[in-house]
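In what follows, a structure is listed as structure tokens, so that the remarks can point back to it.
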Amino acid sequence: MVLRTFGTFLGLVALLSGCATSRSGLVRESGESVVFVGEVPAALQAVPVGPVVVRSTFLPQTGTVVYVEGEDYRLDQAAGTLRRTPGSRLPDFRTNVLYGATNFDHSKYPGFGNTAFFAFVDYSHAPGAPWPVQADQTALLPRSRARLAQGGPFKIVAFGDSITAGGDATSPGLIFWQRWAESLQRRFPQAQITAVNGATGGDSTVQGLQRLEDKVLKERPDLVLIGFGMNDHNRGGVPVLQFAANLRTMIDRIRAATPAEVVLFSAFPPNPEWKFGSHHMEDYAAATVRVAAETGCAYADVFTNWQAIATRKKPEDLLGNNINHPNDFGHDVYYRVFLALGL
């Protein structure tokens with residue numbers, strides 16, 4: 001999939017999602033996802049100040065349901081939680097086919113997925129610890145910065161697995177790298193940015209190496225975003241040392257064949273009850289950091305920032321397929337980390 005023209009939909013996404021600091025000094029969060037399990041309180045990542053808005057879609061759109069406080073949910077301001085009321089219109093996760101499943105094989109649960117069970121919350125909160133925690137990477141992307149500032153054609157290739165391909169984003173315009181490319185287009189209006197989806201669902205770094213020529217090198221990119229790890233980390237997948245070696249080989253081949261710079265980015269832990277995960281994603285994230293440092297590539301630290309949000313949230317709150325794909329808010333987490341790269 002190639003993004004050649006950035007339209008008004010993406011502009012609306014940029015305007016309404018993510019977070020911003022208001023004149024009052026409060027931080028505004030938009031589109032944070034939660035899943036309600038009966039009447040058990042569902043936690044927000046921060047304690048809200050003032051009213052909240054709870055709706056059925058990440059962005060307001062035709063057909064969006066706006067839920068009513070006191071009728072559909074109750075807010076515990078001090079605890080930073082929402083509770084579904086009896087008879088609420090909010091979906092109840094207890095009706096999800098994977099509710100209560102442990103060590104589950106998703107193939108045995110037709111219709112699995114969380115998309116129909118999310119609610120999305122807008123609210124303000126007092127400033128806390130800086131988030132995302134992401135070092136500026138512009139010193140590692142000098143050619144990209146210069147080319148963007150100069151103007152003219154600039155091609156980004158997003159290379160990786162189903163997460164990079166946009167798995168469980170409800171619209172192509174909500175895929176994190178599409179949004180990031182659009183933000184670069186706004187910042188550098190003289191550039192002619194093309195963003196190419198070179199990712200393939202189910203791939204590990206082994207398949208990535210096999211597809212590198214066709215998916216990346218033939219595109220003659222200026223910047224390559226590389227995101228693997230979810231499938232490498234699975235049981236029977238790619239050992240960490242081989243994973244790191246495969247990333248190095250990708251970088252070496254890209255640099256030998258193109259003038260492109262590279263951004264490596266980490267993944268996040270899948271559902272801890274998923275049967276096929278090794279549940280050692282921290283090792284693959286650490287390997288990605290090491291390879292970035294050893295090769296002088298930029299690094300987007302999705303893993304650390306995802307884990308920071310997950311301290312108050314259930315895995316189901318963030319997973320579009322309830323296994324290993326981010327939902328629209330999860331793609332927003334990726335997007336905000338990429339914004340913090342500083343390019």
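Chain labels run A, B, ... following the order of the structure tokens; each chain numbers its residues from 1, and ligands are numbered from 1 in the order shown.
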If we count only C-alpha atoms, what is near Ser171 (chain A) at a cut-off of 12 Å, once residues fewer than 2 positions away on the same chain are taken out, given as a list in words?
Phe9, Leu10, Val13, Thr57, Phe58, Leu59, Ala165, Gly166, Gly167, Asp168, Ala169, Gly173, Leu174, Ile175, Phe176, Gln178, Arg179, Asn327, Asp328 and His331 of chain A
Same residues, C-alpha atoms, saved as an mmCIF file, in the first residue's frame:
data_model
loop_
_atom_site.group_PDB
_atom_site.id
_atom_site.type_symbol
_atom_site.label_atom_id
_atom_site.label_comp_id
_atom_site.auth_asym_id
_atom_site.auth_seq_id
_atom_site.Cartn_x
_atom_site.Cartn_y
_atom_site.Cartn_z
ATOM 1 C CA PHE A 9 -8.933 12.421 7.248
ATOM 2 C CA LEU A 10 -5.323 12.206 8.410
ATOM 3 C CA VAL A 13 -6.563 12.260 13.187
ATOM 4 C CA THR A 57 -14.774 4.765 18.199
ATOM 5 C CA PHE A 58 -11.212 6.078 18.408
ATOM 6 C CA LEU A 59 -12.213 9.171 16.433
ATOM 7 C CA ALA A 165 1.323 -3.840 8.031
ATOM 8 C CA GLY A 166 -1.419 -2.249 10.141
ATOM 9 C CA GLY A 167 -3.032 -5.294 11.697
ATOM 10 C CA ASP A 168 -6.276 -4.359 13.498
ATOM 11 C CA ALA A 169 -6.106 -0.636 12.815
ATOM 12 C CA GLY A 173 -5.142 6.305 8.054
ATOM 13 C CA LEU A 174 -4.725 5.173 11.665
ATOM 14 C CA ILE A 175 -1.638 3.009 11.048
ATOM 15 C CA PHE A 176 1.162 4.606 13.043
ATOM 16 C CA GLN A 178 1.067 6.524 7.922
ATOM 17 C CA ARG A 179 0.258 9.136 10.550
ATOM 18 C CA ASN A 327 -5.766 -1.461 18.451
ATOM 19 C CA ASP A 328 -6.250 2.128 17.225
ATOM 20 C CA HIS A 331 -1.149 2.481 16.999
#
Can you list, as a PyMOL selection string, every protein, DNA or RNA residue that comes within 10 Å of region 127-143 of chain A when you count only C-alpha atoms, leaving out same-chain residues fewer than 4 positions away?
chain A and resi 19+21+25-28+46+147-149+222-223+259-263+296-302+304-306+308-309+333-334+336-343
For CA of Ala257 (chain A) and CA of Ala287 (chain A), quote the distance in Å rounded to one decimal.
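Between these atoms lies a distance of 24.3 Å.
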Would you please give, as a PyMOL selection string, all residues of region 40-162 of chain A that DSSP assigns to alpha helix (DSSP H) based on the backbone?
chain A and resi 142-150+162
With only C-alpha atoms as the counted atoms, please give the residues lying no more than 9 Å from Val291 (chain A), apart from itself and same-chain residues fewer than 4 positions off, as a PyMOL selection string.
chain A and resi 244-245+247-248+264+286-287+295-297
Using C-alpha atoms, can you export the residues from the last selection as a CSV table (one decimal), in the first residue's frame?
chain,number,residue,atom,x,y,z
A,244,ALA,CA,19.9,-9.6,16.3
A,245,ALA,CA,22.2,-11.0,13.5
A,247,LEU,CA,18.6,-7.2,11.9
A,248,ARG,CA,22.3,-6.4,11.3
A,264,LEU,CA,14.6,0.3,14.2
A,286,ALA,CA,16.9,-5.3,24.3
A,287,ALA,CA,18.4,-6.9,21.3
A,295,THR,CA,25.1,0.0,13.8
A,296,GLY,CA,24.4,3.7,14.5
A,297,CYS,CA,20.7,3.4,13.6
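When only C-alpha atoms are used to measure the gap to Lys314 (chain A), the shortest distance among A:Pro272, A:Thr170, A:Ala285, A:His280 belongs to A:Pro272.
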With only C-alpha atoms counted and 8 Å as the cut-off, give the residues of region 217-309 of chain A in contact with region 319-326 of chain A, each with its shortest interatomic distance in Å and the pair that gives it, as JSON lines.
{"residue": "A:Met230", "atom": "CA", "partner": "A:Asn324", "partner_atom": "CA", "distance": 7.5}
{"residue": "A:Pro269", "atom": "CA", "partner": "A:Asn324", "partner_atom": "CA", "distance": 7.5}
{"residue": "A:Pro270", "atom": "CA", "partner": "A:Asn324", "partner_atom": "CA", "distance": 4.6}
{"residue": "A:Asn271", "atom": "CA", "partner": "A:Ile323", "partner_atom": "CA", "distance": 5.1}
{"residue": "A:Trp274", "atom": "CA", "partner": "A:Ile323", "partner_atom": "CA", "distance": 6.5}
So that I have them on file, write out the residues from the current selection with C-alpha atoms, as a compact mmCIF listing (two decimals), in the first residue's frame.
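Wrote it out as selection00.txt, contents follow:
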# COMPACT_ATOMS: atom_id res chain seq x y z
CA MET A 230 6.61 -10.42 17.59
CA PRO A 269 4.40 -8.13 24.82
CA PRO A 270 1.43 -10.10 23.43
CA ASN A 271 -1.44 -11.35 25.57
CA TRP A 274 -1.61 -16.68 24.41
I'd like the contact shell of region 109-123 of chain A - 6 Å cut-off, only C-alpha atoms, skipping same-chain residues fewer than 5 positions apart - returned as a list in words.
Arg28, Glu29, Ser30, Gly31, Glu32, Ser33, Val34, Val35, Pro48, Val52, Val53, Val54, Arg55, Ser56, Phe58, Pro91, Gly320, Asn321 and Asn322 of chain A
Expected file: the selected residues, N, CA and C atoms, as a PDB file, in the first residue's frame:
ATOM      1  N   ARG A  28      -4.206  16.799  27.966  1.00  0.00           N
ATOM      2  CA  ARG A  28      -5.440  16.270  27.386  1.00  0.00           C
ATOM      3  C   ARG A  28      -5.146  14.970  26.662  1.00  0.00           C
ATOM      4  N   GLU A  29      -5.810  13.900  27.061  1.00  0.00           N
ATOM      5  CA  GLU A  29      -5.700  12.603  26.393  1.00  0.00           C
ATOM      6  C   GLU A  29      -6.933  12.399  25.526  1.00  0.00           C
ATOM      7  N   SER A  30      -6.717  11.855  24.331  1.00  0.00           N
ATOM      8  CA  SER A  30      -7.829  11.614  23.416  1.00  0.00           C
ATOM      9  C   SER A  30      -7.760  10.198  22.875  1.00  0.00           C
ATOM     10  N   GLY A  31      -8.856   9.479  23.010  1.00  0.00           N
ATOM     11  CA  GLY A  31      -8.976   8.167  22.396  1.00  0.00           C
ATOM     12  C   GLY A  31      -8.311   7.039  23.143  1.00  0.00           C
ATOM     13  N   GLU A  32      -8.114   7.163  24.460  1.00  0.00           N
ATOM     14  CA  GLU A  32      -7.544   6.050  25.225  1.00  0.00           C
ATOM     15  C   GLU A  32      -8.555   4.912  25.320  1.00  0.00           C
ATOM     16  N   SER A  33      -8.126   3.702  25.024  1.00  0.00           N
ATOM     17  CA  SER A  33      -9.062   2.582  24.945  1.00  0.00           C
ATOM     18  C   SER A  33      -9.163   1.830  26.269  1.00  0.00           C
ATOM     19  N   VAL A  34     -10.372   1.356  26.540  1.00  0.00           N
ATOM     20  CA  VAL A  34     -10.637   0.491  27.687  1.00  0.00           C
ATOM     21  C   VAL A  34     -11.620  -0.590  27.260  1.00  0.00           C
ATOM     22  N   VAL A  35     -11.542  -1.718  27.952  1.00  0.00           N
ATOM     23  CA  VAL A  35     -12.496  -2.812  27.794  1.00  0.00           C
ATOM     24  C   VAL A  35     -13.153  -3.015  29.149  1.00  0.00           C
ATOM     25  N   PRO A  48      -8.197  11.371  35.970  1.00  0.00           N
ATOM     26  CA  PRO A  48      -8.780  12.498  35.237  1.00  0.00           C
ATOM     27  C   PRO A  48      -9.106  13.679  36.141  1.00  0.00           C
ATOM     28  N   VAL A  52     -15.145  13.419  31.684  1.00  0.00           N
ATOM     29  CA  VAL A  52     -14.580  12.554  30.648  1.00  0.00           C
ATOM     30  C   VAL A  52     -15.621  12.384  29.546  1.00  0.00           C
ATOM     31  N   VAL A  53     -15.160  12.029  28.372  1.00  0.00           N
ATOM     32  CA  VAL A  53     -16.030  11.677  27.257  1.00  0.00           C
ATOM     33  C   VAL A  53     -15.720  10.234  26.888  1.00  0.00           C
ATOM     34  N   VAL A  54     -16.745   9.407  26.824  1.00  0.00           N
ATOM     35  CA  VAL A  54     -16.580   7.990  26.494  1.00  0.00           C
ATOM     36  C   VAL A  54     -17.381   7.707  25.235  1.00  0.00           C
ATOM     37  N   ARG A  55     -16.723   7.147  24.213  1.00  0.00           N
ATOM     38  CA  ARG A  55     -17.403   6.902  22.947  1.00  0.00           C
ATOM     39  C   ARG A  55     -17.015   5.538  22.390  1.00  0.00           C
ATOM     40  N   SER A  56     -17.639   5.173  21.284  1.00  0.00           N
ATOM     41  CA  SER A  56     -17.485   3.822  20.742  1.00  0.00           C
ATOM     42  C   SER A  56     -16.393   3.696  19.697  1.00  0.00           C
ATOM     43  N   PHE A  58     -12.419   5.320  18.073  1.00  0.00           N
ATOM     44  CA  PHE A  58     -11.212   6.078  18.408  1.00  0.00           C
ATOM     45  C   PHE A  58     -11.366   7.542  18.037  1.00  0.00           C
ATOM     46  N   PRO A  91     -20.192  -2.339  25.656  1.00  0.00           N
ATOM     47  CA  PRO A  91     -20.004  -3.788  25.499  1.00  0.00           C
ATOM     48  C   PRO A  91     -19.415  -4.409  26.764  1.00  0.00           C
ATOM     49  N   GLY A 320      -5.972  -5.179  19.643  1.00  0.00           N
ATOM     50  CA  GLY A 320      -7.091  -5.217  18.720  1.00  0.00           C
ATOM     51  C   GLY A 320      -7.604  -6.611  18.455  1.00  0.00           C
ATOM     52  N   ASN A 321      -6.697  -7.577  18.373  1.00  0.00           N
ATOM     53  CA  ASN A 321      -7.133  -8.967  18.130  1.00  0.00           C
ATOM     54  C   ASN A 321      -7.099  -9.803  19.400  1.00  0.00           C
ATOM     55  N   ASN A 322      -6.808  -9.169  20.516  1.00  0.00           N
ATOM     56  CA  ASN A 322      -6.682  -9.811  21.823  1.00  0.00           C
ATOM     57  C   ASN A 322      -5.492 -10.758  21.888  1.00  0.00           C
TER      58      ASN A 322
END
